[in-house]
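*Asks:* I am sharing my_file_4.pdb, which consists of PDB, C-alpha atoms:
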```pdb
MODEL        1
ATOM      1  CA  MET A   1     -88.196 -24.865 155.731  1.00  0.00           C
ATOM      2  CA  THR A   2     -90.700 -22.286 154.536  1.00  0.00           C
ATOM      3  CA  ALA A   3     -92.891 -19.660 156.122  1.00  0.00           C
ATOM      4  CA  GLY A   4     -95.699 -20.804 158.377  1.00  0.00           C
ATOM      5  CA  ARG A   5     -96.108 -21.409 162.047  1.00  0.00           C
ATOM      6  CA  VAL A   6     -93.397 -22.783 164.311  1.00  0.00           C
ATOM      7  CA  ILE A   7     -94.120 -24.720 167.495  1.00  0.00           C
ATOM      8  CA  ALA A   8     -91.559 -23.996 170.232  1.00  0.00           C
ATOM      9  CA  LEU A   9     -90.956 -26.395 173.107  1.00  0.00           C
ATOM     10  CA  ASP A  10     -89.209 -25.856 176.426  1.00  0.00           C
ATOM     11  CA  VAL A  11     -88.597 -29.516 177.246  1.00  0.00           C
ATOM     12  CA  GLY A  12     -88.112 -30.425 180.884  1.00  0.00           C
ATOM     13  CA  ASP A  13     -88.081 -33.762 182.680  1.00  0.00           C
ATOM     14  CA  VAL A  14     -91.652 -33.317 183.968  1.00  0.00           C
ATOM     15  CA  ARG A  15     -93.265 -30.643 181.783  1.00  0.00           C
ATOM     16  CA  ILE A  16     -93.024 -29.216 178.274  1.00  0.00           C
ATOM     17  CA  GLY A  17     -93.800 -25.539 177.821  1.00  0.00           C
ATOM     18  CA  VAL A  18     -95.360 -24.793 174.438  1.00  0.00           C
ATOM     19  CA  ALA A  19     -95.475 -21.610 172.371  1.00  0.00           C
ATOM     20  CA  VAL A  20     -96.500 -21.012 168.764  1.00  0.00           C
ATOM     21  CA  SER A  21     -95.699 -18.357 166.196  1.00  0.00           C
ATOM     22  CA  ASP A  22     -98.119 -16.688 163.843  1.00  0.00           C
ATOM     23  CA  VAL A  23     -98.012 -17.741 160.174  1.00  0.00           C
ATOM     24  CA  THR A  24     -95.701 -14.842 159.259  1.00  0.00           C
ATOM     25  CA  ARG A  25     -93.204 -15.901 161.947  1.00  0.00           C
ATOM     26  CA  THR A  26     -93.322 -12.476 163.545  1.00  0.00           C
ATOM     27  CA  ILE A  27     -95.185 -12.984 166.826  1.00  0.00           C
ATOM     28  CA  ALA A  28     -94.725 -15.654 169.491  1.00  0.00           C
ATOM     29  CA  GLN A  29     -97.488 -16.516 171.917  1.00  0.00           C
ATOM     30  CA  PRO A  30     -97.587 -18.876 174.874  1.00  0.00           C
ATOM     31  CA  LEU A  31     -99.896 -21.830 174.329  1.00  0.00           C
ATOM     32  CA  GLU A  32     -99.908 -24.381 177.151  1.00  0.00           C
ATOM     33  CA  VAL A  33     -97.936 -26.646 179.461  1.00  0.00           C
ATOM     34  CA  TYR A  34     -97.934 -30.380 178.778  1.00  0.00           C
ATOM     35  CA  ARG A  35     -97.163 -32.906 181.507  1.00  0.00           C
ATOM     36  CA  ARG A  36     -94.740 -35.508 180.150  1.00  0.00           C
ATOM     37  CA  VAL A  37     -95.694 -39.174 180.012  1.00  0.00           C
ATOM     38  CA  GLY A  38     -92.995 -40.841 177.879  1.00  0.00           C
ATOM     39  CA  TYR A  39     -91.425 -40.523 174.427  1.00  0.00           C
ATOM     40  CA  GLY A  40     -94.337 -42.207 172.614  1.00  0.00           C
ATOM     41  CA  PRO A  41     -97.213 -40.176 174.092  1.00  0.00           C
ATOM     42  CA  ASP A  42     -95.083 -37.015 174.157  1.00  0.00           C
ATOM     43  CA  SER A  43     -94.210 -37.268 170.468  1.00  0.00           C
ATOM     44  CA  ARG A  44     -97.865 -38.006 169.574  1.00  0.00           C
ATOM     45  CA  TYR A  45     -98.844 -34.876 171.509  1.00  0.00           C
ATOM     46  CA  VAL A  46     -96.351 -32.777 169.498  1.00  0.00           C
ATOM     47  CA  LEU A  47     -97.521 -34.348 166.227  1.00  0.00           C
ATOM     48  CA  ALA A  48    -101.123 -33.455 167.105  1.00  0.00           C
ATOM     49  CA  LEU A  49    -100.028 -29.874 167.844  1.00  0.00           C
ATOM     50  CA  CYS A  50     -98.301 -29.694 164.474  1.00  0.00           C
ATOM     51  CA  GLU A  51    -101.432 -30.933 162.729  1.00  0.00           C
ATOM     52  CA  ARG A  52    -103.563 -28.427 164.629  1.00  0.00           C
ATOM     53  CA  PHE A  53    -101.329 -25.529 163.607  1.00  0.00           C
ATOM     54  CA  GLU A  54    -100.534 -26.894 160.131  1.00  0.00           C
ATOM     55  CA  THR A  55     -96.764 -27.040 160.509  1.00  0.00           C
ATOM     56  CA  ARG A  56     -93.944 -29.579 160.553  1.00  0.00           C
ATOM     57  CA  ASP A  57     -91.435 -27.147 162.121  1.00  0.00           C
ATOM     58  CA  VAL A  58     -90.615 -27.613 165.794  1.00  0.00           C
ATOM     59  CA  LEU A  59     -88.117 -25.472 167.704  1.00  0.00           C
ATOM     60  CA  LEU A  60     -86.591 -27.077 170.784  1.00  0.00           C
ATOM     61  CA  GLY A  61     -84.848 -25.102 173.463  1.00  0.00           C
ATOM     62  CA  LEU A  62     -81.341 -26.489 173.904  1.00  0.00           C
ATOM     63  CA  PRO A  63     -80.266 -26.069 177.549  1.00  0.00           C
ATOM     64  CA  LEU A  64     -76.549 -25.547 177.113  1.00  0.00           C
ATOM     65  CA  ASN A  65     -74.211 -25.131 180.058  1.00  0.00           C
ATOM     66  CA  MET A  66     -73.137 -21.571 180.785  1.00  0.00           C
ATOM     67  CA  ASP A  67     -69.824 -22.251 178.980  1.00  0.00           C
ATOM     68  CA  GLY A  68     -71.750 -23.320 175.848  1.00  0.00           C
ATOM     69  CA  THR A  69     -71.128 -27.051 176.187  1.00  0.00           C
ATOM     70  CA  ARG A  70     -73.856 -29.693 176.022  1.00  0.00           C
ATOM     71  CA  GLY A  71     -74.640 -31.354 179.317  1.00  0.00           C
ATOM     72  CA  ALA A  72     -77.119 -34.030 180.345  1.00  0.00           C
ATOM     73  CA  GLN A  73     -80.212 -31.831 179.858  1.00  0.00           C
ATOM     74  CA  ALA A  74     -79.114 -30.804 176.362  1.00  0.00           C
ATOM     75  CA  GLN A  75     -78.591 -34.474 175.497  1.00  0.00           C
ATOM     76  CA  LYS A  76     -82.131 -35.242 176.701  1.00  0.00           C
ATOM     77  CA  ALA A  77     -83.564 -32.444 174.546  1.00  0.00           C
ATOM     78  CA  MET A  78     -81.634 -33.693 171.521  1.00  0.00           C
ATOM     79  CA  ALA A  79     -82.814 -37.272 172.140  1.00  0.00           C
ATOM     80  CA  PHE A  80     -86.418 -36.029 172.120  1.00  0.00           C
ATOM     81  CA  GLY A  81     -85.622 -34.054 168.966  1.00  0.00           C
ATOM     82  CA  GLN A  82     -84.447 -37.268 167.297  1.00  0.00           C
ATOM     83  CA  VAL A  83     -87.740 -38.940 168.199  1.00  0.00           C
ATOM     84  CA  LEU A  84     -89.629 -36.023 166.615  1.00  0.00           C
ATOM     85  CA  GLU A  85     -87.439 -36.140 163.497  1.00  0.00           C
ATOM     86  CA  GLY A  86     -88.166 -39.863 163.260  1.00  0.00           C
ATOM     87  CA  ALA A  87     -91.867 -38.948 163.239  1.00  0.00           C
ATOM     88  CA  GLY A  88     -91.282 -36.753 160.181  1.00  0.00           C
ATOM     89  CA  LEU A  89     -90.974 -33.330 161.802  1.00  0.00           C
ATOM     90  CA  THR A  90     -88.310 -30.725 161.074  1.00  0.00           C
ATOM     91  CA  VAL A  91     -86.535 -30.030 164.358  1.00  0.00           C
ATOM     92  CA  LEU A  92     -84.591 -26.845 165.003  1.00  0.00           C
ATOM     93  CA  TYR A  93     -82.660 -25.923 168.131  1.00  0.00           C
ATOM     94  CA  MET A  94     -82.166 -22.638 169.959  1.00  0.00           C
ATOM     95  CA  ASP A  95     -79.833 -21.928 172.852  1.00  0.00           C
ATOM     96  CA  GLU A  96     -82.154 -21.503 175.798  1.00  0.00           C
ATOM     97  CA  ARG A  97     -79.686 -20.355 178.436  1.00  0.00           C
ATOM     98  CA  MET A  98     -81.353 -17.934 180.836  1.00  0.00           C
ATOM     99  CA  THR A  99     -84.837 -18.215 179.288  1.00  0.00           C
ATOM    100  CA  THR A 100     -86.416 -19.627 182.444  1.00  0.00           C
ATOM    101  CA  VAL A 101     -84.789 -16.836 184.463  1.00  0.00           C
ATOM    102  CA  THR A 102     -86.171 -14.287 181.981  1.00  0.00           C
ATOM    103  CA  ALA A 103     -89.621 -15.892 182.177  1.00  0.00           C
ATOM    104  CA  GLU A 104     -89.541 -15.901 186.002  1.00  0.00           C
ATOM    105  CA  ARG A 105     -88.488 -12.248 186.066  1.00  0.00           C
ATOM    106  CA  THR A 106     -91.336 -11.322 183.697  1.00  0.00           C
ATOM    107  CA  LEU A 107     -93.863 -13.089 185.927  1.00  0.00           C
ATOM    108  CA  ILE A 108     -92.469 -11.449 189.077  1.00  0.00           C
ATOM    109  CA  ASP A 109     -92.495  -8.031 187.404  1.00  0.00           C
ATOM    110  CA  GLY A 110     -96.083  -8.713 186.344  1.00  0.00           C
ATOM    111  CA  GLY A 111     -97.092  -9.328 189.940  1.00  0.00           C
ATOM    112  CA  VAL A 112     -97.838 -13.040 189.523  1.00  0.00           C
ATOM    113  CA  ARG A 113     -97.893 -14.748 192.918  1.00  0.00           C
ATOM    114  CA  ARG A 114     -95.203 -17.332 193.645  1.00  0.00           C
ATOM    115  CA  GLU A 115     -97.784 -20.156 193.870  1.00  0.00           C
ATOM    116  CA  ASP A 116     -99.123 -19.293 190.405  1.00  0.00           C
ATOM    117  CA  ARG A 117     -95.793 -18.846 188.621  1.00  0.00           C
ATOM    118  CA  LYS A 118     -95.160 -22.589 188.263  1.00  0.00           C
ATOM    119  CA  ARG A 119     -98.275 -22.863 186.051  1.00  0.00           C
ATOM    120  CA  TYR A 120     -96.965 -20.237 183.634  1.00  0.00           C
ATOM    121  CA  VAL A 121     -93.176 -20.311 183.652  1.00  0.00           C
ATOM    122  CA  ASP A 122     -92.700 -23.222 181.208  1.00  0.00           C
ATOM    123  CA  LYS A 123     -94.951 -21.843 178.456  1.00  0.00           C
ATOM    124  CA  LEU A 124     -93.488 -18.380 178.978  1.00  0.00           C
ATOM    125  CA  ALA A 125     -89.954 -19.826 178.695  1.00  0.00           C
ATOM    126  CA  ALA A 126     -91.010 -21.497 175.411  1.00  0.00           C
ATOM    127  CA  THR A 127     -92.276 -18.104 174.248  1.00  0.00           C
ATOM    128  CA  VAL A 128     -88.936 -16.460 175.096  1.00  0.00           C
ATOM    129  CA  ILE A 129     -87.092 -19.191 173.159  1.00  0.00           C
ATOM    130  CA  LEU A 130     -89.368 -18.633 170.168  1.00  0.00           C
ATOM    131  CA  GLU A 131     -89.061 -14.832 170.351  1.00  0.00           C
ATOM    132  CA  GLN A 132     -85.265 -15.089 170.378  1.00  0.00           C
ATOM    133  CA  TRP A 133     -85.324 -17.457 167.403  1.00  0.00           C
ATOM    134  CA  LEU A 134     -87.733 -15.269 165.452  1.00  0.00           C
ATOM    135  CA  SER A 135     -85.489 -12.257 166.074  1.00  0.00           C
ATOM    136  CA  SER A 136     -82.394 -14.149 164.971  1.00  0.00           C
ATOM    137  CA  GLU A 137     -84.114 -15.380 161.796  1.00  0.00           C
ATOM    138  CA  HIS A 138     -85.047 -11.837 160.843  1.00  0.00           C
ATOM    139  CA  HIS A 139     -81.420 -10.793 161.176  1.00  0.00           C
ATOM    140  CA  LYS A 140     -80.404 -13.509 158.702  1.00  0.00           C
ATOM    141  CA  ALA A 141     -82.842 -12.273 156.064  1.00  0.00           C
TER     142      ALA A 141
ENDMDL
END
```
Just give me the structure of the file as structure tokens.
*Replies:*
Amino acid sequence: MTAGRVIALDVGDVRIGVAVSDVTRTIAQPLEVYRRVGYGPDSRYVLALCERFETRDVLLGLPLNMDGTRGAQAQKAMAFGQVLEGAGLTVLYMDERMTTVTAERTLIDGGVRREDRKRYVDKLAATVILEQWLSSEHHKA
């Protein structure tokens, strides 16, 4: 893996929140929320995103249980990751515990109405996942 953009995904059963880094892997920004259809269309959507942003690196949030073990949701995320790897992408994982809570809190603190939060929370959660990963990568350097 080299420098360049990273696409971050907060994969849920119904929606996928999407965020993208800048080419220097310093800044994360929310991009959009994708409504899931099935593995085939979903993976084609991610491939198209990767082409658009000229990257093969995808970061998936891994929803671990609070004790750090992998439950059903983590298994689903990893299964989607395997589909993406099969399509030729490099898939990375980041512990996403509490990211949705952090995203919700940010929206509440920003005065976003309850009805509107659902439209933003998934892409903001993906942004939090990406920010945490970017910070951890800088510590490894």
*Asks:* With all atoms listed in the file as the counted atoms, please give the residues lying no more than 9 Å from region 81-95 of chain A, apart from itself and same-chain residues fewer than 2 positions off, as a list in words.
*Replies:*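 My list of contacting residues is Met1, Tyr39, Gly40, Ser43, Arg44, Val46, Leu47, Cys50, Thr55, Arg56, Asp57, Val58, Leu59, Leu60, Gly61, Leu62, Pro63, Leu64, Gly68, Lys76, Ala77, Met78, Ala79, Arg97, Thr99, Ile129, Leu130, Gln132 and Trp133 of chain A.
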*Asks:* Kindly provide, as a ChimeraX atom specification, the polymer residues lying within 9 Å of (-95.3, -27.2, 178.3), counting all atoms listed in the file and using the coordinates exactly as they appear in the file.
*Replies:* /A:9-12,15-19,31-36,120-123,126
*Asks:* When distances are computed from only C-alpha atoms, which of A:Tyr45, A:Arg52, A:Asp22, A:Glu96 shows the smallest separation from Arg70 (chain A)?
*Replies:*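 Smallest distance to Arg70 (chain A) is found for A:Glu96.
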*Asks:* Of the residues A:Ala125, A:Val23, A:Val37, A:Met66, which is the one nearest to Ala8 (chain A), using only C-alpha atoms?
*Replies:*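 Closest to Ala8 (chain A), using only C-alpha atoms: A:Ala125.
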*Asks:* Kindly give the distance, in Å, that separates CA of Ser136 (chain A) and CA of Ala48 (chain A), rounded to a single decimal.
*Replies:*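 Going from CA of Ser136 (chain A) over to CA of Ala48 (chain A), I get 27.0 Å.
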*Asks:* Grab the CA of Gly4 (chain A) to CA of Asp42 (chain A) distance for me, in Å with one decimal place.
*Replies:* 22.6 Å
*Asks:* Between CA of Leu124 (chain A) and CA of Thr26 (chain A), what is the spacing in Å?
*Replies:*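 For CA of Thr26 (chain A) relative to CA of Leu124 (chain A), the distance reads 16.5 Å.
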*Asks:* As lines of an AutoDock Vina configuration file, please: the centre and edge lengths in Å, to one decimal, of an axis-aligned box enclosing every listed atom of region 128-131 of chain A with 4 Å added on each side.
*Replies:*
```
center_x = -88.2
center_y = -17.0
center_z = 172.6
size_x = 10.3
size_y = 12.4
size_z = 12.9
```
*Asks:* Nearest residue to Leu49 (chain A) out of A:Ala28, A:Val128, A:Val6, A:Val112, using all atoms listed in the file?
*Replies:*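 That would be A:Val6, the residue with the smallest distance to Leu49 (chain A).
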*Asks:* Using only C-alpha atoms, which of the listed residues (A:Leu134, A:Arg105, A:Gly71, A:Pro41) sits closest to Ala3 (chain A)?
*Replies:*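 Once distances to Ala3 (chain A) are computed over only C-alpha atoms, the minimum belongs to A:Leu134.
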*Asks:* Just checking: using all atoms listed in the file, which residue out of A:Gln29, A:Glu51, A:Ile7, A:Asp13 ends up closest to Gln75 (chain A)?
*Replies:*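 Result for the nearest residue to Gln75 (chain A): A:Asp13.
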